[in-house]
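The file structure_29.txt contains compact mmCIF, C-alpha atoms:
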```
# COMPACT_ATOMS: atom_id res chain seq x y z
CA MET A 669 -177.16 72.08 -125.62
CA PRO A 670 -174.84 69.81 -123.61
CA ILE A 671 -173.17 71.27 -120.54
CA ARG A 672 -169.39 71.30 -121.01
CA ARG A 673 -168.07 74.47 -119.34
CA ILE A 674 -169.15 75.40 -115.84
CA LEU A 675 -168.37 78.58 -113.95
CA VAL A 676 -168.07 77.95 -110.20
CA VAL A 677 -168.52 81.12 -108.12
CA ASP A 678 -167.72 80.98 -104.40
CA ASP A 679 -165.63 83.12 -102.07
CA SER A 680 -164.50 79.99 -100.20
CA PRO A 681 -161.35 78.45 -101.72
CA THR A 682 -162.36 75.12 -100.15
CA GLU A 683 -165.79 75.13 -101.83
CA ARG A 684 -164.31 76.16 -105.19
CA LEU A 685 -161.72 73.38 -104.98
CA ALA A 686 -164.25 70.71 -103.96
CA LEU A 687 -166.63 71.58 -106.82
CA THR A 688 -163.77 71.94 -109.31
CA GLU A 689 -162.42 68.49 -108.43
CA LEU A 690 -165.87 66.91 -108.62
CA LEU A 691 -166.75 68.48 -111.95
CA THR A 692 -163.33 67.89 -113.52
CA ARG A 693 -163.54 64.19 -112.60
CA GLU A 694 -166.87 64.10 -114.42
CA GLY A 695 -165.31 65.57 -117.57
CA TYR A 696 -166.45 69.19 -117.30
CA GLN A 697 -164.22 72.17 -117.99
CA VAL A 698 -164.33 74.44 -114.93
CA LEU A 699 -163.81 78.18 -114.62
CA THR A 700 -163.77 79.76 -111.17
CA ALA A 701 -164.54 83.15 -109.67
CA GLU A 702 -164.30 84.21 -106.05
CA ASN A 703 -166.87 87.02 -106.12
CA GLY A 704 -169.78 88.42 -108.05
CA GLU A 705 -167.73 90.94 -110.02
CA GLN A 706 -165.38 88.23 -111.32
CA ALA A 707 -168.38 86.03 -112.09
CA LEU A 708 -170.00 88.71 -114.24
CA ALA A 709 -166.76 89.40 -116.14
CA LEU A 710 -166.12 85.69 -116.76
CA ALA A 711 -169.72 84.98 -117.74
CA ARG A 712 -169.57 87.73 -120.39
CA ALA A 713 -166.08 86.85 -121.64
CA GLU A 714 -166.25 83.04 -121.57
CA LEU A 715 -169.99 82.30 -121.97
CA PRO A 716 -170.01 79.12 -119.86
CA ASP A 717 -172.82 76.60 -120.28
CA LEU A 718 -173.78 76.81 -116.59
CA VAL A 719 -173.01 78.92 -113.51
CA LEU A 720 -172.95 77.50 -109.97
CA MET A 721 -173.41 80.60 -107.82
CA ASP A 722 -172.80 81.13 -104.12
CA VAL A 723 -174.91 83.86 -102.49
CA VAL A 724 -172.94 85.24 -99.54
CA MET A 725 -169.87 86.94 -101.00
CA PRO A 726 -168.20 90.32 -100.51
CA GLY A 727 -169.13 93.05 -102.98
CA THR A 728 -171.69 91.90 -105.52
CA ASN A 729 -173.55 89.03 -103.88
CA GLY A 730 -174.91 85.98 -105.67
CA TYR A 731 -178.44 87.31 -105.90
CA GLN A 732 -177.20 90.49 -107.61
CA ALA A 733 -174.84 88.60 -109.93
CA THR A 734 -177.56 86.12 -110.91
CA ARG A 735 -180.00 88.92 -111.66
CA THR A 736 -177.40 90.63 -113.86
CA ILE A 737 -176.51 87.42 -115.74
CA VAL A 738 -180.09 86.50 -116.56
CA ARG A 739 -181.00 90.04 -117.65
CA ASP A 740 -177.93 90.68 -119.83
CA ASP A 741 -178.54 89.96 -123.52
CA ALA A 742 -175.12 88.32 -123.83
CA THR A 743 -175.59 85.91 -120.91
CA ARG A 744 -179.33 85.46 -120.47
CA ASP A 745 -179.30 81.91 -121.85
CA ILE A 746 -176.80 80.68 -119.25
CA PRO A 747 -178.64 78.79 -116.48
CA VAL A 748 -177.63 79.60 -112.90
CA ILE A 749 -177.88 77.10 -110.05
CA MET A 750 -177.49 78.80 -106.70
CA CYS A 751 -175.36 76.77 -104.26
CA THR A 752 -175.53 78.47 -100.90
CA SER A 753 -175.70 78.08 -97.14
CA LYS A 754 -178.83 80.29 -97.11
CA GLY A 755 -181.45 77.62 -96.60
CA LEU A 756 -184.61 79.43 -95.56
CA GLU A 757 -187.60 79.10 -97.85
CA THR A 758 -187.62 82.89 -98.31
CA ASP A 759 -183.97 82.72 -99.46
CA LYS A 760 -184.87 80.12 -102.06
CA ILE A 761 -187.88 82.11 -103.25
CA TRP A 762 -185.74 85.25 -103.54
CA GLY A 763 -183.05 83.34 -105.46
CA MET A 764 -185.58 81.96 -107.91
CA ARG A 765 -187.08 85.45 -108.35
CA GLN A 766 -183.63 86.70 -109.37
CA GLY A 767 -183.77 84.24 -112.26
CA ALA A 768 -181.95 81.20 -110.87
CA PHE A 769 -182.74 77.96 -112.68
CA ASP A 770 -182.41 75.98 -109.45
CA TYR A 771 -181.38 76.43 -105.82
CA MET A 772 -179.32 74.04 -103.67
CA VAL A 773 -178.40 74.38 -100.00
CA LYS A 774 -174.89 73.57 -98.74
CA PRO A 775 -173.50 71.14 -98.03
CA ILE A 776 -174.16 70.29 -101.67
CA ASP A 777 -175.10 66.68 -102.35
CA HIS A 778 -172.75 65.81 -105.21
CA LYS A 779 -174.98 63.17 -106.79
CA THR A 780 -177.98 65.52 -106.81
CA LEU A 781 -175.90 68.32 -108.32
CA LEU A 782 -174.53 66.06 -111.05
CA ASP A 783 -178.06 64.79 -111.80
CA LYS A 784 -179.28 68.39 -112.17
CA ILE A 785 -176.37 69.24 -114.48
CA ARG A 786 -176.99 66.16 -116.64
CA ALA A 787 -180.70 67.00 -116.83
CA LEU A 788 -179.81 70.43 -118.25
CA GLY A 789 -177.70 68.88 -121.03
```
Taking this structure as input, can you express it in the form of C-alpha cells?
Amino acid sequence: MPIRRILVVDDSPTERLALTELLTREGYQVLTAENGEQALALARAELPDLVLMDVVMPGTNGYQATRTIVRDDATRDIPVIMCTSKGLETDKIWGMRQGAFDYMVKPIDHKTLLDKIRALG
C-alpha cells in the first residue's frame, strides 16, 4: 500500500514544522500531534499510512503510544518509525520491542527518512 498520509508526532513545534514542510514538498498529506494522547486519537480517527513518533513527550510518551498503536486492532497495520533524540542502543532496542517498524535518531537525515518511507510504499 503506498504511503500517502503521515502522522507526525512531536512535542516540539519546530520539529513538527520541519517534518511537515519536508513531507508536504514530497507530496505527502501530513497530520500532526503534539503528544501521545493526540497521536492515539488521530491514529484511530484518521488511520494514516505511517506514524513518525517522537519518544520524549509529556503525558503518554512515544514508547507507550507506539505500543498502543501496534496492539490496537484498528491501528495495528500502521507502521511506526520512531524519530527521537534518544540514541542509546538500549533505547533503540526498547523502541523496536514496543513494535516500531524502524528507529531514527535526531537530527533526522531527511534523505534517509524519505528513502525509508518510499521503501514502505
- Selection near A:Met772, 12 Å with all atoms listed in the file, sequence-local residues under 5 positions removed, as an MDAnalysis selection string: chainID A and resid 720:723 748:757 759:761 763:764 777:778 780:782 784
Filtering to C-alpha atoms, could you give me those residues as a PDB file, keeping the file's coordinate frame?
```pdb
ATOM      1  CA  LEU A 720    -172.950  77.500-109.970  1.00  0.00           C
ATOM      2  CA  MET A 721    -173.410  80.600-107.820  1.00  0.00           C
ATOM      3  CA  ASP A 722    -172.800  81.130-104.120  1.00  0.00           C
ATOM      4  CA  VAL A 723    -174.910  83.860-102.490  1.00  0.00           C
ATOM      5  CA  VAL A 748    -177.630  79.600-112.900  1.00  0.00           C
ATOM      6  CA  ILE A 749    -177.880  77.100-110.050  1.00  0.00           C
ATOM      7  CA  MET A 750    -177.490  78.800-106.700  1.00  0.00           C
ATOM      8  CA  CYS A 751    -175.360  76.770-104.260  1.00  0.00           C
ATOM      9  CA  THR A 752    -175.530  78.470-100.900  1.00  0.00           C
ATOM     10  CA  SER A 753    -175.700  78.080 -97.140  1.00  0.00           C
ATOM     11  CA  LYS A 754    -178.830  80.290 -97.110  1.00  0.00           C
ATOM     12  CA  GLY A 755    -181.450  77.620 -96.600  1.00  0.00           C
ATOM     13  CA  LEU A 756    -184.610  79.430 -95.560  1.00  0.00           C
ATOM     14  CA  GLU A 757    -187.600  79.100 -97.850  1.00  0.00           C
ATOM     15  CA  ASP A 759    -183.970  82.720 -99.460  1.00  0.00           C
ATOM     16  CA  LYS A 760    -184.870  80.120-102.060  1.00  0.00           C
ATOM     17  CA  ILE A 761    -187.880  82.110-103.250  1.00  0.00           C
ATOM     18  CA  GLY A 763    -183.050  83.340-105.460  1.00  0.00           C
ATOM     19  CA  MET A 764    -185.580  81.960-107.910  1.00  0.00           C
ATOM     20  CA  ASP A 777    -175.100  66.680-102.350  1.00  0.00           C
ATOM     21  CA  HIS A 778    -172.750  65.810-105.210  1.00  0.00           C
ATOM     22  CA  THR A 780    -177.980  65.520-106.810  1.00  0.00           C
ATOM     23  CA  LEU A 781    -175.900  68.320-108.320  1.00  0.00           C
ATOM     24  CA  LEU A 782    -174.530  66.060-111.050  1.00  0.00           C
ATOM     25  CA  LYS A 784    -179.280  68.390-112.170  1.00  0.00           C
TER      26      LYS A 784
END
```
- Query: To one decimal place, how far is atom CA of A:Leu675 from atom CA of A:Thr688 in Å?
  - Reply: 9.3 Å
- Message: List as a PyMOL selection string the residues having at least one atom at most 8 Å from position (-166.2, 75.1, -120.4) as given in the file, counting all atoms listed in the file.
- Response: chain A and resi 671-675+696-699+716-717
- Message: What's the separation between atom CA of A:Pro747 and atom CA of A:Ala707, in Å to one decimal place?
- Response: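 For atom CA of A:Pro747 relative to atom CA of A:Ala707, the distance reads 13.3 Å.
In this structure, atom CA of A:Arg693 sits 20.1 Å away from atom CA of A:Ser680.
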List every protein, DNA or RNA residue with an atom no more than 12 Å from (-170.1, 87.9, -107.2) in the file's coordinates, counting all atoms listed in the file, and format the result as a compact mmCIF listing (two decimals) with C-alpha atoms, in the frame of the given file.
```txt
# COMPACT_ATOMS: atom_id res chain seq x y z
CA LEU A 675 -168.37 78.58 -113.95
CA VAL A 676 -168.07 77.95 -110.20
CA VAL A 677 -168.52 81.12 -108.12
CA ASP A 678 -167.72 80.98 -104.40
CA ASP A 679 -165.63 83.12 -102.07
CA SER A 680 -164.50 79.99 -100.20
CA THR A 700 -163.77 79.76 -111.17
CA ALA A 701 -164.54 83.15 -109.67
CA GLU A 702 -164.30 84.21 -106.05
CA ASN A 703 -166.87 87.02 -106.12
CA GLY A 704 -169.78 88.42 -108.05
CA GLU A 705 -167.73 90.94 -110.02
CA GLN A 706 -165.38 88.23 -111.32
CA ALA A 707 -168.38 86.03 -112.09
CA LEU A 708 -170.00 88.71 -114.24
CA ALA A 709 -166.76 89.40 -116.14
CA LEU A 710 -166.12 85.69 -116.76
CA ALA A 711 -169.72 84.98 -117.74
CA VAL A 719 -173.01 78.92 -113.51
CA LEU A 720 -172.95 77.50 -109.97
CA MET A 721 -173.41 80.60 -107.82
CA ASP A 722 -172.80 81.13 -104.12
CA VAL A 723 -174.91 83.86 -102.49
CA VAL A 724 -172.94 85.24 -99.54
CA MET A 725 -169.87 86.94 -101.00
CA PRO A 726 -168.20 90.32 -100.51
CA GLY A 727 -169.13 93.05 -102.98
CA THR A 728 -171.69 91.90 -105.52
CA ASN A 729 -173.55 89.03 -103.88
CA GLY A 730 -174.91 85.98 -105.67
CA TYR A 731 -178.44 87.31 -105.90
CA GLN A 732 -177.20 90.49 -107.61
CA ALA A 733 -174.84 88.60 -109.93
CA THR A 734 -177.56 86.12 -110.91
CA ARG A 735 -180.00 88.92 -111.66
CA THR A 736 -177.40 90.63 -113.86
CA ILE A 737 -176.51 87.42 -115.74
CA MET A 750 -177.49 78.80 -106.70
```
Is it possible to get the axis-aligned box enclosing stretch 726-744 of chain A (all listed atoms, 8 Å extra per side) as AutoDock Vina command-line options, with centre and edge lengths in Å rounded to one decimal?
```
--center_x -174.6 --center_y 89.3 --center_z -112.2 --size_x 28.8 --size_y 23.6 --size_z 39.3
```
- Rank nothing, just name the residue among A:Pro681, A:Arg712, A:Glu689, A:Glu694 nearest to A:Asp783, using only C-alpha atoms.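 Of the candidates, the smallest distance to A:Asp783 is held by A:Glu694.
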- Query: If you count all atoms listed in the file, which residues fall within 9 Å of A:Pro670, apart from same-chain ones fewer than 3 positions away, as a list of chain:residue names?
  - Reply: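 Close residues of A:Pro670: A:Asp717, A:Arg786, A:Leu788, A:Gly789.
For the choices A:Leu685, A:Leu718, A:Ile746, A:Val738, the atom-to-atom distance to A:Arg765 is smallest for A:Val738 when using all atoms listed in the file.
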